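Peer 1: I'd like to ask you about the structure that follows.
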Amino acid sequence: MSLNLVSSIKKIVLAFVVTMLIMINFITPISAKSIDKKAPVIKLTHSTITITKGSKFSAKKYLKSVKDNRDGNLKSKVKISGKVNIKKAGTYKVKYTVSDKAKNKAVKTLKVKVIEKSKAQRIVSAAKSKLGSPYRYGSNGPKSFDCSGFTQWVYKQVGKKLPRSSSSQKRGGKLIKLSKAKVGDVVWRSGHVGIYIGNGKVIHSPHSGDVVRYTTLKGFKYAVRYL
């Protein structure tokens, strides 16, 4: 074999090797970029929430956004698992799971604490449960009420005994300025009482021909605290 032929073959082989090395260095990054290894990002409005027993709960409400670098918005693809028993105090976990087209999986957990209602909250719930019940003089429930019979019945639901008349209910608790009234307080004016539920609102049993309903603090003179 001539020296010229050998030299030519060496040049061809060298050129081939160089070309392959260039192609490998060029193609590999592109191939690497084409592999999606990044999972979607799940964002919740909170990581932990606390609700009172009996409250409404919707897991979807706390799902803020789900975004993937390739597939975009995946919020509608999220699977929610885990149950929250709103009738039983305790700590529960709700899981939000989603996968993108490349099978990258993301999981986010919401901790839900269900706590017992305070006495004040239970008083409000008891008062609301009798909205629409008719007024009846001398009645203290459970189907009809006069004003002090209503407040007495409401407090009885949380294990607290109140005097029977509006005047004795005023004397039986701690008299508070109306501006300092708290949720669950009895509110008083001459000859009449009701239950303060917050935000300037009262539930009371007004007079004959009416029913247990909402009113405002207007006209009431004091709050009476029993809790």
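Labels used: A, B, ... for chains in the order of the structure tokens, numbers from 1 for residues in each chain, and numbers from 1 for ligands as shown.
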In range 32-192 of chain A, what's strand (DSSP E or B) per DSSP? Answer as a PyMOL selection string?
Peer 2: chain A and resi 41-44+48-52+63-68+72-73+79-81+90-99+105-115+134-135+140+145+174-177+186-189+192
Peer 1: What does the structure give for the distance between CA of Val154 in chain A and CA of Asn199 in chain A, in Å to one decimal?
Peer 2: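 Spanning CA of Val154 in chain A to CA of Asn199 in chain A is a straight-line distance of 19.2 Å.
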Peer 1: For Phe145 in chain A, which residue among A:Val211, A:Lys88, A:Gly191, A:Gln157 is the nearest when counting only C-alpha atoms?
Peer 2: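 Checking each candidate against Phe145 in chain A, we get A:Val211 as the closest.
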Peer 1: If you count only C-alpha atoms, which residues fall within 8 Å of Asp100 in chain A, apart from same-chain ones fewer than 6 positions away, as a list of chain:residue names?
Peer 2: A:Ala39, A:Pro40, A:Asp68, A:Asp71, A:Leu74
Peer 1: Selection from above, C-alpha atoms, as a PDB file, in the first residue's frame, can you write it?
Peer 2:
```pdb
ATOM      1  CA  ALA A  39     -42.561  18.178  38.180  1.00  0.00           C
ATOM      2  CA  PRO A  40     -45.509  20.600  38.201  1.00  0.00           C
ATOM      3  CA  ASP A  68     -45.994  22.952  34.734  1.00  0.00           C
ATOM      4  CA  ASP A  71     -47.860  21.614  30.052  1.00  0.00           C
ATOM      5  CA  LEU A  74     -52.843  21.711  35.264  1.00  0.00           C
TER       6      LEU A  74
END
```
Peer 1: Name the closest residue to Lys53 in chain A among the candidates A:Gly90, A:Lys117, A:Val41, A:Asn73; distances are taken between atoms, counting only C-alpha atoms.
Peer 2: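 Nearest candidate to Lys53 in chain A out of A:Gly90, A:Lys117, A:Val41, A:Asn73: A:Lys117.
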Peer 1: Compare A:Ala127, A:Ile203, A:Ala223, A:Leu217 by their minimum atom-to-atom distance to Lys180 in chain A, counting only C-alpha atoms, and give me the closest one.
Peer 2: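 For Lys180 in chain A, the nearest of the candidates is A:Ala223.
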Peer 1: Would you please work out which residue, of A:Lys119, A:Lys111, A:His207, A:Lys61, is nearest to Gly138 in chain A when using only C-alpha atoms?
Peer 2: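 Checking each candidate against Gly138 in chain A, we get A:His207 as the closest.
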Peer 1: Have a look at CA of Leu178 in chain A and CA of Lys143 in chain A and let me know their distance in Å, one decimal.
Peer 2: 29.4 Å
Peer 1: What does the structure give for the distance between CA of Ser99 in chain A and CA of His46 in chain A, in Å to one decimal?
Peer 2: 21.3 Å
Peer 1: Enumerate the residues of range 20-123 of chain A with a DSSP assignment of helix (DSSP H, G or I), computed from the backbone, and present them as a count of residues only.
Peer 2: 27
Peer 1: Fewer than 3 positions away in the same chain doesn't count, so skip those; otherwise give me all residues within 9 Å of Lys83 in chain A, counting only C-alpha atoms, as a list of chain:residue names.
Peer 2: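 Listed by chain and then number, they are A:Tyr92, A:Lys93, A:Val94.
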